[in-house]
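Structure file input-v6.json (JSON, C-alpha atoms and all ligand atoms) is printed below.
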[["chain", "number", "residue", "atom", "x", "y", "z"],
["A", 251, "MET", "CA", -60.03, -38.81, -65.62],
["A", 252, "TYR", "CA", -58.62, -41.83, -63.81],
["A", 253, "PRO", "CA", -57.70, -40.81, -60.25],
["A", 254, "TRP", "CA", -54.07, -41.97, -60.48],
["A", 255, "LEU", "CA", -53.46, -39.66, -63.46],
["A", 256, "SER", "CA", -54.53, -36.44, -61.72],
["A", 257, "PRO", "CA", -51.05, -35.50, -60.41],
["A", 258, "LEU", "CA", -49.58, -35.81, -63.92],
["A", 259, "LEU", "CA", -52.43, -33.86, -65.43],
["A", 260, "ASN", "CA", -51.84, -31.08, -62.90],
["A", 261, "GLN", "CA", -48.14, -31.11, -63.73],
["A", 262, "TYR", "CA", -48.86, -30.62, -67.43],
["A", 263, "ALA", "CA", -51.46, -27.95, -66.65],
["A", 264, "LEU", "CA", -48.81, -26.00, -64.76],
["A", 265, "GLN", "CA", -46.28, -26.36, -67.58],
["A", 266, "HIS", "CA", -48.85, -25.14, -70.07],
["A", 267, "GLN", "CA", -49.87, -22.23, -67.86],
["A", 268, "GLN", "CA", -46.22, -21.19, -67.59],
["A", 269, "SER", "CA", -45.79, -21.58, -71.36],
["A", 270, "ARG", "CA", -43.13, -24.25, -70.96],
["A", 271, "LEU", "CA", -45.00, -27.26, -72.27],
["A", 272, "HIS", "CA", -42.53, -29.13, -74.47],
["A", 273, "HIS", "CA", -43.59, -29.85, -78.05],
["A", 274, "ALA", "CA", -42.58, -33.53, -78.02],
["A", 275, "HIS", "CA", -43.49, -35.92, -75.21],
["A", 276, "LEU", "CA", -42.85, -39.56, -74.52],
["A", 277, "LEU", "CA", -45.23, -41.22, -72.06],
["A", 278, "HIS", "CA", -43.85, -44.60, -71.04],
["A", 279, "GLY", "CA", -44.94, -47.25, -68.59],
["A", 280, "ALA", "CA", -46.59, -50.65, -68.37],
["A", 281, "GLN", "CA", -49.69, -51.56, -70.34],
["A", 282, "GLY", "CA", -52.97, -50.52, -68.77],
["A", 283, "THR", "CA", -51.72, -47.52, -66.80],
["A", 284, "GLY", "CA", -53.64, -44.94, -68.86],
["A", 285, "LYS", "CA", -50.97, -43.40, -71.11],
["A", 286, "ARG", "CA", -53.40, -43.14, -74.00],
["A", 287, "ALA", "CA", -56.16, -41.65, -71.84],
["A", 288, "LEU", "CA", -53.73, -39.10, -70.41],
["A", 289, "ALA", "CA", -52.47, -38.02, -73.84],
["A", 290, "GLN", "CA", -56.01, -37.86, -75.21],
["A", 291, "SER", "CA", -57.20, -35.76, -72.29],
["A", 292, "ILE", "CA", -54.32, -33.28, -72.59],
["A", 293, "CYS", "CA", -54.83, -32.98, -76.35],
["A", 294, "GLU", "CA", -58.54, -32.31, -75.83],
["A", 295, "ALA", "CA", -57.66, -29.56, -73.35],
["A", 296, "LEU", "CA", -55.09, -28.08, -75.78],
["A", 297, "LEU", "CA", -57.74, -28.04, -78.51],
["A", 298, "CYS", "CA", -60.41, -26.54, -76.25],
["A", 299, "GLU", "CA", -61.14, -22.82, -76.58],
["A", 300, "GLN", "CA", -61.64, -22.29, -72.83],
["A", 301, "PRO", "CA", -59.98, -25.10, -70.85],
["A", 302, "LEU", "CA", -59.77, -24.88, -67.08],
["A", 303, "ASN", "CA", -56.69, -26.46, -65.47],
["A", 304, "MET", "CA", -56.08, -28.69, -68.45],
["A", 305, "GLN", "CA", -59.68, -29.89, -68.45],
["A", 306, "PRO", "CA", -61.69, -29.39, -71.66],
["A", 307, "CYS", "CA", -64.89, -27.36, -71.23],
["A", 308, "GLY", "CA", -67.02, -29.82, -73.20],
["A", 309, "GLU", "CA", -69.03, -26.97, -74.72],
["A", 310, "CYS", "CA", -66.94, -25.20, -77.35],
["A", 311, "LYS", "CA", -66.61, -26.14, -81.02],
["A", 312, "GLY", "CA", -63.26, -27.85, -80.41],
["A", 313, "CYS", "CA", -64.74, -29.99, -77.63],
["A", 314, "LYS", "CA", -67.77, -30.87, -79.76],
["A", 315, "LEU", "CA", -65.47, -31.97, -82.60],
["A", 316, "ASN", "CA", -63.41, -34.03, -80.15],
["A", 317, "GLY", "CA", -66.56, -35.52, -78.68],
["A", 318, "ALA", "CA", -67.49, -36.71, -82.15],
["A", 319, "GLY", "CA", -63.94, -37.95, -82.78],
["A", 320, "THR", "CA", -63.62, -35.70, -85.83],
["A", 321, "HIS", "CA", -61.36, -32.84, -84.73],
["A", 322, "PRO", "CA", -59.26, -31.97, -87.80],
["A", 323, "ASP", "CA", -56.33, -30.80, -85.63],
["A", 324, "LEU", "CA", -55.92, -34.06, -83.73],
["A", 325, "LEU", "CA", -54.18, -36.95, -85.43],
["A", 326, "VAL", "CA", -54.09, -40.32, -83.66],
["A", 327, "LEU", "CA", -52.16, -43.11, -85.34],
["A", 328, "SER", "CA", -53.67, -46.58, -85.26],
["A", 329, "GLU", "CA", -52.87, -48.91, -82.35],
["A", 330, "GLU", "CA", -53.20, -51.91, -84.63],
["A", 331, "GLY", "CA", -50.42, -53.46, -86.66],
["A", 332, "SER", "CA", -47.09, -54.95, -85.70],
["A", 333, "SER", "CA", -45.07, -51.99, -86.99],
["A", 334, "ILE", "CA", -45.35, -48.27, -87.73],
["A", 335, "GLY", "CA", -43.89, -47.59, -91.14],
["A", 336, "VAL", "CA", -42.43, -44.53, -92.77],
["A", 337, "ASP", "CA", -45.72, -43.69, -94.53],
["A", 338, "ALA", "CA", -47.55, -43.31, -91.21],
["A", 339, "ILE", "CA", -44.80, -41.00, -89.93],
["A", 340, "ARG", "CA", -44.90, -38.97, -93.17],
["A", 341, "SER", "CA", -48.62, -38.46, -92.54],
["A", 342, "VAL", "CA", -47.60, -37.00, -89.15],
["A", 343, "SER", "CA", -45.08, -34.61, -90.75],
["A", 344, "ASP", "CA", -47.61, -33.52, -93.38],
["A", 345, "PHE", "CA", -50.22, -32.97, -90.69],
["A", 346, "ILE", "CA", -47.81, -30.86, -88.66],
["A", 347, "VAL", "CA", -46.62, -28.55, -91.47],
["A", 348, "HIS", "CA", -50.14, -27.42, -92.36],
["A", 349, "SER", "CA", -51.62, -24.75, -90.13],
["A", 350, "ALA", "CA", -54.35, -25.67, -87.69],
["A", 351, "GLN", "CA", -57.78, -25.75, -89.30],
["A", 352, "GLN", "CA", -59.47, -24.41, -86.19],
["A", 353, "GLY", "CA", -56.75, -21.80, -85.68],
["A", 354, "GLY", "CA", -55.54, -23.21, -82.34],
["A", 355, "ALA", "CA", -53.12, -25.96, -81.38],
["A", 356, "LYS", "CA", -52.44, -29.21, -83.22],
["A", 357, "CYS", "CA", -51.89, -32.53, -81.53],
["A", 358, "VAL", "CA", -50.56, -35.91, -82.59],
["A", 359, "ILE", "CA", -50.71, -39.16, -80.61],
["A", 360, "VAL", "CA", -48.51, -42.09, -81.64],
["A", 361, "PRO", "CA", -49.44, -45.22, -79.65],
["A", 362, "ASN", "CA", -46.91, -48.08, -79.53],
["A", 363, "ALA", "CA", -44.08, -45.78, -80.65],
["A", 364, "HIS", "CA", -41.56, -48.63, -80.10],
["A", 365, "ARG", "CA", -43.07, -50.28, -83.17],
["A", 366, "MET", "CA", -41.62, -47.62, -85.49],
["A", 367, "THR", "CA", -39.30, -49.06, -88.11],
["A", 368, "VAL", "CA", -35.80, -47.58, -88.38],
["A", 369, "ALA", "CA", -36.88, -45.58, -91.44],
["A", 370, "ALA", "CA", -39.96, -44.32, -89.57],
["A", 371, "SER", "CA", -37.83, -43.24, -86.57],
["A", 372, "ASN", "CA", -35.49, -41.36, -88.88],
["A", 373, "ALA", "CA", -38.42, -39.63, -90.56],
["A", 374, "LEU", "CA", -39.83, -38.68, -87.17],
["A", 375, "LEU", "CA", -36.45, -37.33, -86.09],
["A", 376, "LYS", "CA", -36.59, -34.70, -88.83],
["A", 377, "THR", "CA", -40.00, -33.60, -87.54],
["A", 378, "LEU", "CA", -38.71, -33.45, -83.97],
["A", 379, "GLU", "CA", -35.78, -31.29, -85.07],
["A", 380, "GLU", "CA", -38.07, -28.64, -86.55],
["A", 381, "PRO", "CA", -40.51, -27.87, -83.77],
["A", 382, "ASN", "CA", -43.67, -26.15, -84.88],
["A", 383, "ASN", "CA", -45.36, -23.62, -82.59],
["A", 384, "HIS", "CA", -48.54, -24.85, -80.94],
["A", 385, "CYS", "CA", -47.98, -28.35, -82.21],
["A", 386, "TYR", "CA", -47.74, -31.12, -79.62],
["A", 387, "LEU", "CA", -46.59, -34.64, -80.24],
["A", 388, "TRP", "CA", -47.28, -37.48, -77.79],
["A", 389, "LEU", "CA", -45.42, -40.74, -78.24],
["A", 390, "LEU", "CA", -46.66, -43.64, -76.11],
["A", 391, "THR", "CA", -44.80, -46.85, -75.31],
["A", 392, "ASP", "CA", -44.71, -49.76, -72.89],
["A", 393, "ASN", "CA", -41.25, -50.67, -74.18],
["A", 394, "ILE", "CA", -39.02, -47.62, -73.88],
["A", 395, "SER", "CA", -35.81, -49.63, -74.28],
["A", 396, "SER", "CA", -36.76, -50.36, -77.89],
["A", 397, "LEU", "CA", -36.79, -46.70, -78.88],
["A", 398, "PRO", "CA", -33.64, -45.20, -80.39],
["A", 399, "ALA", "CA", -31.61, -42.85, -78.19],
["A", 400, "THR", "CA", -31.94, -40.11, -80.83],
["A", 401, "ILE", "CA", -35.73, -40.08, -80.36],
["A", 402, "LEU", "CA", -35.49, -40.34, -76.56],
["A", 403, "SER", "CA", -33.13, -37.39, -76.31],
["A", 404, "ARG", "CA", -35.55, -35.11, -78.16],
["A", 405, "CYS", "CA", -38.64, -35.89, -76.08],
["A", 406, "ALA", "CA", -39.74, -34.84, -72.62],
["A", 407, "LYS", "CA", -39.98, -38.27, -71.01],
["A", 408, "GLN", "CA", -42.57, -39.08, -68.38],
["A", 409, "GLN", "CA", -43.24, -42.41, -66.77],
["A", 410, "VAL", "CA", -46.89, -43.21, -66.19],
["A", 411, "SER", "CA", -47.31, -45.63, -63.31],
["A", 412, "VAL", "CA", -50.06, -46.52, -60.88],
["A", 413, "ALA", "CA", -49.37, -46.26, -57.17],
["A", 414, "ASP", "CA", -50.94, -48.81, -54.86],
["A", 415, "THR", "CA", -53.24, -46.53, -52.89],
["A", 416, "SER", "CA", -56.66, -46.78, -51.26],
["A", 417, "GLU", "CA", -57.89, -44.55, -54.11],
["A", 418, "LEU", "CA", -56.75, -47.20, -56.60],
["A", 419, "ASN", "CA", -58.41, -49.96, -54.61],
["A", 420, "GLN", "CA", -61.63, -48.02, -54.58],
["A", 421, "TRP", "CA", -61.42, -47.57, -58.35],
["A", 422, "LEU", "CA", -60.75, -51.29, -58.82],
["A", 423, "SER", "CA", -63.74, -52.21, -56.64],
["A", 424, "ASP", "CA", -65.98, -49.82, -58.53],
["A", 425, "ASN", "CA", -64.83, -50.72, -62.03],
["A", 426, "VAL", "CA", -63.29, -54.16, -62.15],
["A", 427, "GLY", "CA", -65.08, -55.94, -59.33],
["A", 428, "GLU", "CA", -65.44, -59.07, -61.42],
["A", 429, "ALA", "CA", -61.72, -59.16, -62.31],
["A", 430, "LYS", "CA", -60.72, -58.51, -58.70],
["A", 431, "ALA", "CA", -62.31, -61.80, -57.68],
["A", 432, "TYR", "CA", -59.86, -63.80, -59.82],
["A", 433, "HIS", "CA", -56.69, -65.06, -58.17],
["A", 434, "PHE", "CA", -54.35, -63.77, -60.85],
["A", 435, "ALA", "CA", -55.69, -60.20, -60.56],
["A", 436, "HIS", "CA", -53.33, -59.22, -57.72],
["A", 437, "MET", "CA", -50.41, -59.47, -60.16],
["A", 438, "TYR", "CA", -51.98, -56.82, -62.37],
["A", 439, "HIS", "CA", -53.58, -54.42, -59.93],
["A", 440, "THR", "CA", -51.19, -51.60, -60.89],
["A", 441, "GLN", "CA", -52.26, -52.07, -64.53],
["A", 442, "PRO", "CA", -55.93, -51.37, -63.85],
["A", 443, "LEU", "CA", -56.98, -50.64, -67.43],
["A", 444, "LEU", "CA", -55.54, -53.94, -68.57],
["A", 445, "LEU", "CA", -57.75, -55.71, -66.00],
["A", 446, "LYS", "CA", -60.66, -53.64, -67.25],
["A", 447, "SER", "CA", -60.06, -54.58, -70.89],
["A", 448, "TRP", "CA", -59.87, -58.28, -69.96],
["A", 449, "GLN", "CA", -63.08, -57.96, -67.99],
["A", 450, "ASP", "CA", -64.83, -56.08, -70.81],
["A", 451, "ASN", "CA", -63.63, -58.59, -73.41],
["A", 452, "GLY", "CA", -64.60, -61.62, -71.33],
["A", 453, "GLU", "CA", -61.01, -62.90, -71.08],
["A", 454, "LEU", "CA", -60.73, -63.32, -67.32],
["A", 455, "ALA", "CA", -61.47, -67.04, -67.22],
["A", 456, "GLN", "CA", -58.84, -67.75, -69.89],
["A", 457, "ILE", "CA", -56.16, -65.86, -68.01],
["A", 458, "GLN", "CA", -57.11, -67.56, -64.76],
["A", 459, "ALA", "CA", -56.73, -70.89, -66.59],
["A", 460, "LEU", "CA", -53.14, -69.90, -67.49],
["A", 461, "TYR", "CA", -52.51, -68.99, -63.86],
["A", 462, "ASP", "CA", -53.96, -72.27, -62.64],
["A", 463, "ALA", "CA", -51.89, -74.22, -65.15],
["A", 464, "VAL", "CA", -48.76, -72.74, -63.58],
["A", 465, "TYR", "CA", -49.70, -72.62, -59.90],
["A", 466, "ASN", "CA", -52.16, -75.46, -59.32],
["A", 467, "ASP", "CA", -51.11, -78.08, -61.83],
["A", 468, "GLN", "CA", -47.42, -77.30, -61.33],
["A", 469, "MET", "CA", -45.69, -78.96, -64.29],
["A", 470, "ASN", "CA", -48.37, -81.63, -64.80],
["A", 471, "THR", "CA", -50.79, -79.48, -66.68],
["A", 472, "ASP", "CA", -52.94, -80.57, -69.63],
["A", 473, "GLU", "CA", -50.59, -79.30, -72.32],
["A", 474, "GLN", "CA", -53.14, -79.35, -75.14],
["A", 475, "LYS", "CA", -55.54, -77.23, -73.11],
["A", 476, "LEU", "CA", -52.73, -74.76, -72.43],
["A", 477, "VAL", "CA", -51.76, -74.65, -76.11],
["A", 478, "ASP", "CA", -55.40, -73.96, -77.05],
["A", 479, "ILE", "CA", -55.43, -70.91, -74.78],
["A", 480, "LEU", "CA", -51.96, -69.62, -75.73],
["A", 481, "ALA", "CA", -52.78, -69.87, -79.43],
["A", 482, "GLN", "CA", -55.78, -67.54, -79.07],
["A", 483, "ASN", "CA", -53.85, -64.36, -78.43],
["A", 484, "SER", "CA", -50.14, -63.58, -78.68],
["A", 485, "GLN", "CA", -50.45, -61.49, -75.52],
["A", 486, "TYR", "CA", -51.19, -64.66, -73.55],
["A", 487, "ILE", "CA", -47.64, -65.87, -74.10],
["A", 488, "ALA", "CA", -46.29, -62.84, -72.21],
["A", 489, "ILE", "CA", -48.85, -63.38, -69.45],
["A", 490, "PHE", "CA", -47.94, -67.05, -69.16],
["A", 491, "ARG", "CA", -44.28, -66.08, -69.00],
["A", 492, "LEU", "CA", -44.96, -63.62, -66.18],
["A", 493, "PHE", "CA", -46.86, -66.26, -64.19],
["A", 494, "MET", "CA", -44.03, -68.74, -64.76],
["A", 495, "SER", "CA", -41.36, -66.23, -63.71],
["A", 496, "GLN", "CA", -43.23, -65.46, -60.51],
["A", 497, "PHE", "CA", -43.70, -69.16, -59.87],
["A", 498, "LEU", "CA", -39.97, -69.78, -60.33],
["A", 499, "LEU", "CA", -39.18, -66.90, -58.02],
["A", 500, "GLN", "CA", -41.36, -68.54, -55.39],
["A", 501, "LYS", "CA", -39.50, -71.83, -55.99],
["A", 502, "SER", "CA", -36.18, -70.05, -55.49],
["A", 503, "TYR", "CA", -37.39, -68.77, -52.10],
["A", 504, "GLN", "CA", -38.23, -72.38, -51.30],
["A", 505, "GLY", "CA", -34.68, -73.47, -52.02],
["A", 506, "LEU", "CA", -34.34, -73.94, -55.78],
["A", 507, "ALA", "CA", -30.62, -73.55, -56.55],
["A", 508, "TYR", "CA", -29.49, -70.50, -58.47],
["A", 509, "GLU", "CA", -28.09, -72.59, -61.35],
["A", 510, "GLN", "CA", -31.41, -74.45, -61.67],
["A", 511, "LEU", "CA", -33.33, -71.21, -61.60],
["A", 512, "THR", "CA", -31.11, -69.77, -64.33],
["A", 513, "ARG", "CA", -31.67, -72.84, -66.50],
["A", 514, "CYS", "CA", -35.45, -72.64, -65.95],
["A", 515, "HIS", "CA", -35.42, -69.01, -67.03],
["A", 516, "ALA", "CA", -33.41, -69.90, -70.10],
["A", 517, "HIS", "CA", -36.03, -72.54, -71.05],
["A", 518, "LEU", "CA", -38.78, -69.99, -70.55],
["A", 519, "GLN", "CA", -37.01, -67.31, -72.55],
["A", 520, "HIS", "CA", -36.29, -69.73, -75.36],
["A", 521, "PHE", "CA", -39.95, -70.76, -75.43],
["A", 522, "SER", "CA", -41.49, -67.28, -75.49],
["A", 523, "GLU", "CA", -38.95, -65.74, -77.87],
["A", 524, "HIS", "CA", -39.40, -68.55, -80.36],
["A", 525, "LEU", "CA", -43.16, -68.28, -80.26],
["A", 526, "VAL", "CA", -43.11, -64.53, -80.74],
["A", 527, "GLN", "CA", -40.48, -64.55, -83.48],
["A", 528, "THR", "CA", -41.70, -67.65, -85.33],
["A", 529, "PRO", "CA", -45.49, -67.45, -85.55],
["A", 530, "GLY", "CA", -45.78, -70.71, -87.50],
["A", 531, "LEU", "CA", -43.82, -72.67, -84.90],
["A", 532, "ASN", "CA", -45.42, -75.83, -83.59],
["A", 533, "MET", "CA", -46.62, -74.59, -80.21],
["A", 534, "THR", "CA", -47.54, -78.04, -78.91],
["A", 535, "LEU", "CA", -43.99, -79.20, -79.47],
["A", 536, "ALA", "CA", -42.45, -76.03, -78.03],
["A", 537, "LEU", "CA", -44.61, -76.22, -74.91],
["A", 538, "SER", "CA", -43.89, -79.86, -74.26],
["A", 539, "GLN", "CA", -40.16, -79.12, -74.60],
["A", 540, "LEU", "CA", -40.53, -76.30, -72.10],
["A", 541, "MET", "CA", -42.45, -78.46, -69.64],
["A", 542, "ARG", "CA", -39.97, -81.29, -69.96],
["A", 543, "GLY", "CA", -37.08, -78.88, -69.36],
["A", 544, "LEU", "CA", -38.73, -77.34, -66.31],
["A", 545, "LYS", "CA", -39.72, -80.71, -64.85],
["A", 546, "GLN", "CA", -36.10, -81.83, -65.08],
["A", 547, "GLU", "CA", -34.94, -78.84, -63.07],
["A", 548, "LEU", "CA", -37.79, -78.76, -60.55],
["A", 549, "GLY", "CA", -37.88, -82.50, -60.03],
["B", 601, "ZN", "ZN", -63.89, -26.68, -74.95]]
Turn the structure described in the file into C-alpha cells.
Ligand SMILES: [Zn+2]
Amino acid sequence: MYPWLSPLLNQYALQHQQSRLHHAHLLHGAQGTGKRALAQSICEALLCEQPLNMQPCGECKGCKLNGAGTHPDLLVLSEEGSSIGVDAIRSVSDFIVHSAQQGGAKCVIVPNAHRMTVAASNALLKTLEEPNNHCYLWLLTDNISSLPATILSRCAKQQVSVADTSELNQWLSDNVGEAKAYHFAHMYHTQPLLLKSWQDNGELAQIQALYDAVYNDQMNTDEQKLVDILAQNSQYIAIFRLFMSQFLLQKSYQGLAYEQLTRCHAHLQHFSEHLVQTPGLNMTLALSQLMRGLKQELG
C-alpha cells in the first residue's frame, strides 16, 4: 500500500472492527492520490477470509480470486468512457441484490462517479436507499462538485489527499525518479500516481514542453507545436490551463493589475471550456486567439 494511504486504511480497519463500516462510500480528491488503490485494497480485505487489520492474507480462496482479477463478488465499473449510463448502474443493482457467491461480502467500485448521467444517479439512489448487509459500494471522484447532493448525502465522504512529507519524498525518489527531474514535476508532487502514470507512459517530455511553452517562451511560443501536443490528449488542455494559471498568478505578484488578471483568466477559461465542449473546434485558431488575448493584457 502507498505510504500516504496507511492512516486512512487504519481508519477503515477500525470502523470495520467496530462493525460501523458504512455501506456506501465516496472517496474524493485530486487525480493520482490513490483513491482507486485504496478502494481496491479495502475491497480485497473485505473479501478475504482471514484479513489482518484490513490487509488481505493473500492465501485464501478469496485472495487467490482477487489476485487473478476474477472474484465474482467484486464488481469494478470501467474507468473508460465519457459517461456512466443507467445500464452500468443497473448492473450494479443487479449485482447487489444477488447473494454473494463466495458467501462473504460483496463490493462495488465505481471510478469517475461524477460521470454518471442524471438517469444513472437516480438509479443509483434507489440502490443507496436499500442498503444490503455485507455489501459495500465505493464511489470515486476527482470532481465532487459535479455529484448531485442526493448522492452525496447518502455516502460516507472521505477526502484522499497526499501530505507533503519526507515519506512522500522518499516514495517519489524511489518510484518516479525520472519524473522528479523535470521542472514541472513540483506542481504535481502531491499527485504522485499521476506522475507515475506519465513516467510509465512516456509522457514526461510532452508535459515539460507544455510547461516550457508557458514559462520559457512566455507568449511567443511556437503555436503549431503547442497545438500538436494539446491535440494528443484531452487531459493536456487541463494541464496547460494549470500551468497558465500559475504563470498568471506569478505575473500578478509581479504587478499585473487585478482587472488584467481577470481578463487573462477569462481568455483561458473560454479557451479550455470551448476545447472540452466542442471537440471538433479548430484548436489552432482557438489557441492563437488565446495567445493574442493574453499578449494584449501582458504587453
Ligand atoms: Zn485472504
For ligand ZN 601 (chain B), return the neighbouring residues as a PyMOL selection string (distance at most 12 Å; all atoms listed in the file). chain A and resi 291-317+321+354
Taking (-48.9, -48.4, -80.5) in the file's coordinates as the center, which residues reach within 6 Å of it, counting all atoms listed in the file, put as a ChimeraX atom specification? /A:329,361-363
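Between A:Leu375 and the candidates A:Val526, A:Ala274, A:Ser395, A:Thr415, the tightest atom-to-atom separation, counting only C-alpha atoms, involves A:Ala274.
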Extract, using only C-alpha atoms, all DNA, RNA and protein residues at most 12 Å from A:His364, discarding same-chain residues fewer than 3 positions from it, and format them as a ChimeraX atom specification. /A:276-278,329,332-335,360-361,367-368,370-371,389-399,401-402
Non-local contacts of stretch 496-512 of chain A (12 Å; only C-alpha atoms; under 5 positions in same chain excluded) as number ranges by chain: A: 434, 437, 461-469, 489-491, 517-519, 543-549
Dump as number ranges by chain all residues having an atom at most 12 Å from (-58.4, -57.5, -61.3), computed in the file's coordinates with all atoms listed in the file. A: 282, 418-419, 421-450, 453-455, 457-458
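The smallest atom-to-atom distance between A:Thr471 and any of A:Gln420, A:Asn372, A:Ser538, A:Ser328, using all atoms listed in the file, is found for A:Ser538.
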For A:Cys405, which residue out of A:Ser343, A:Thr377, A:Gln265, A:Gln352 is the nearest one, using all atoms listed in the file?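 Counting all atoms listed in the file, the residue closest to A:Cys405 is A:Thr377.
You can rank A:Leu387, A:Gln409, A:Thr534, A:Leu480 by their closest distance to A:Ala280 using all atoms listed in the file, and at the top of that list sits A:Gln409.
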One decimal place gives the atom CA of A:Glu417-atom CA of A:Leu258 separation as 15.5 Å
In Å and to one decimal, atom CA of A:Leu288 is distant from atom CA of A:Gly353 by 23.3 Å
What gap, in Å, lies between atom CA of A:Val336 and atom CA of A:Ala488?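 Atom CA of A:Val336 sits 27.8 Å away from atom CA of A:Ala488.
The shortest atom-to-atom distance to A:His520, with only C-alpha atoms taken into account, belongs to A:Ala536 out of A:Leu271, A:Leu264, A:Leu327, A:Ala536.
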Given all atoms listed in the file as the basis, pick out the residue of A:Ala516, A:Val326, A:Ala406, A:Ala338 nearest to A:Met494.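 Result for the nearest residue to A:Met494: A:Ala516.
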Could you please fill out stretch 450-465 of chain A with N, CA and C atoms and send it back as a PDB file, in the frame of the given file?
ATOM      1  N   ASP A 450     -63.889 -56.491 -69.765  1.00  0.00           N
ATOM      2  CA  ASP A 450     -64.830 -56.080 -70.810  1.00  0.00           C
ATOM      3  C   ASP A 450     -64.857 -57.071 -71.973  1.00  0.00           C
ATOM      4  N   ASN A 451     -63.698 -57.667 -72.271  1.00  0.00           N
ATOM      5  CA  ASN A 451     -63.630 -58.590 -73.410  1.00  0.00           C
ATOM      6  C   ASN A 451     -63.935 -60.046 -73.022  1.00  0.00           C
ATOM      7  N   GLY A 452     -64.284 -60.261 -71.763  1.00  0.00           N
ATOM      8  CA  GLY A 452     -64.600 -61.620 -71.330  1.00  0.00           C
ATOM      9  C   GLY A 452     -63.415 -62.575 -71.347  1.00  0.00           C
ATOM     10  N   GLU A 453     -62.221 -62.063 -71.027  1.00  0.00           N
ATOM     11  CA  GLU A 453     -61.010 -62.900 -71.080  1.00  0.00           C
ATOM     12  C   GLU A 453     -60.540 -63.388 -69.722  1.00  0.00           C
ATOM     13  N   LEU A 454     -61.230 -63.017 -68.668  1.00  0.00           N
ATOM     14  CA  LEU A 454     -60.730 -63.320 -67.320  1.00  0.00           C
ATOM     15  C   LEU A 454     -60.555 -64.810 -67.055  1.00  0.00           C
ATOM     16  N   ALA A 455     -61.524 -65.603 -67.499  1.00  0.00           N
ATOM     17  CA  ALA A 455     -61.470 -67.040 -67.220  1.00  0.00           C
ATOM     18  C   ALA A 455     -60.274 -67.689 -67.931  1.00  0.00           C
ATOM     19  N   GLN A 456     -59.983 -67.216 -69.140  1.00  0.00           N
ATOM     20  CA  GLN A 456     -58.840 -67.750 -69.890  1.00  0.00           C
ATOM     21  C   GLN A 456     -57.542 -67.480 -69.156  1.00  0.00           C
ATOM     22  N   ILE A 457     -57.401 -66.243 -68.671  1.00  0.00           N
ATOM     23  CA  ILE A 457     -56.160 -65.860 -68.010  1.00  0.00           C
ATOM     24  C   ILE A 457     -56.020 -66.596 -66.680  1.00  0.00           C
ATOM     25  N   GLN A 458     -57.162 -66.776 -66.004  1.00  0.00           N
ATOM     26  CA  GLN A 458     -57.110 -67.560 -64.760  1.00  0.00           C
ATOM     27  C   GLN A 458     -56.685 -69.002 -65.058  1.00  0.00           C
ATOM     28  N   ALA A 459     -57.116 -69.520 -66.212  1.00  0.00           N
ATOM     29  CA  ALA A 459     -56.730 -70.890 -66.590  1.00  0.00           C
ATOM     30  C   ALA A 459     -55.209 -70.987 -66.782  1.00  0.00           C
ATOM     31  N   LEU A 460     -54.615 -69.925 -67.336  1.00  0.00           N
ATOM     32  CA  LEU A 460     -53.140 -69.900 -67.490  1.00  0.00           C
ATOM     33  C   LEU A 460     -52.481 -69.893 -66.117  1.00  0.00           C
ATOM     34  N   TYR A 461     -53.037 -69.094 -65.227  1.00  0.00           N
ATOM     35  CA  TYR A 461     -52.510 -68.990 -63.860  1.00  0.00           C
ATOM     36  C   TYR A 461     -52.599 -70.332 -63.154  1.00  0.00           C
ATOM     37  N   ASP A 462     -53.764 -70.967 -63.293  1.00  0.00           N
ATOM     38  CA  ASP A 462     -53.960 -72.270 -62.640  1.00  0.00           C
ATOM     39  C   ASP A 462     -53.006 -73.315 -63.204  1.00  0.00           C
ATOM     40  N   ALA A 463     -52.784 -73.250 -64.524  1.00  0.00           N
ATOM     41  CA  ALA A 463     -51.890 -74.220 -65.150  1.00  0.00           C
ATOM     42  C   ALA A 463     -50.499 -74.135 -64.526  1.00  0.00           C
ATOM     43  N   VAL A 464     -50.087 -72.927 -64.164  1.00  0.00           N
ATOM     44  CA  VAL A 464     -48.760 -72.740 -63.580  1.00  0.00           C
ATOM     45  C   VAL A 464     -48.777 -73.067 -62.079  1.00  0.00           C
ATOM     46  N   TYR A 465     -49.731 -72.519 -61.361  1.00  0.00           N
ATOM     47  CA  TYR A 465     -49.700 -72.620 -59.900  1.00  0.00           C
ATOM     48  C   TYR A 465     -50.340 -73.877 -59.324  1.00  0.00           C
TER      49      TYR A 465
END
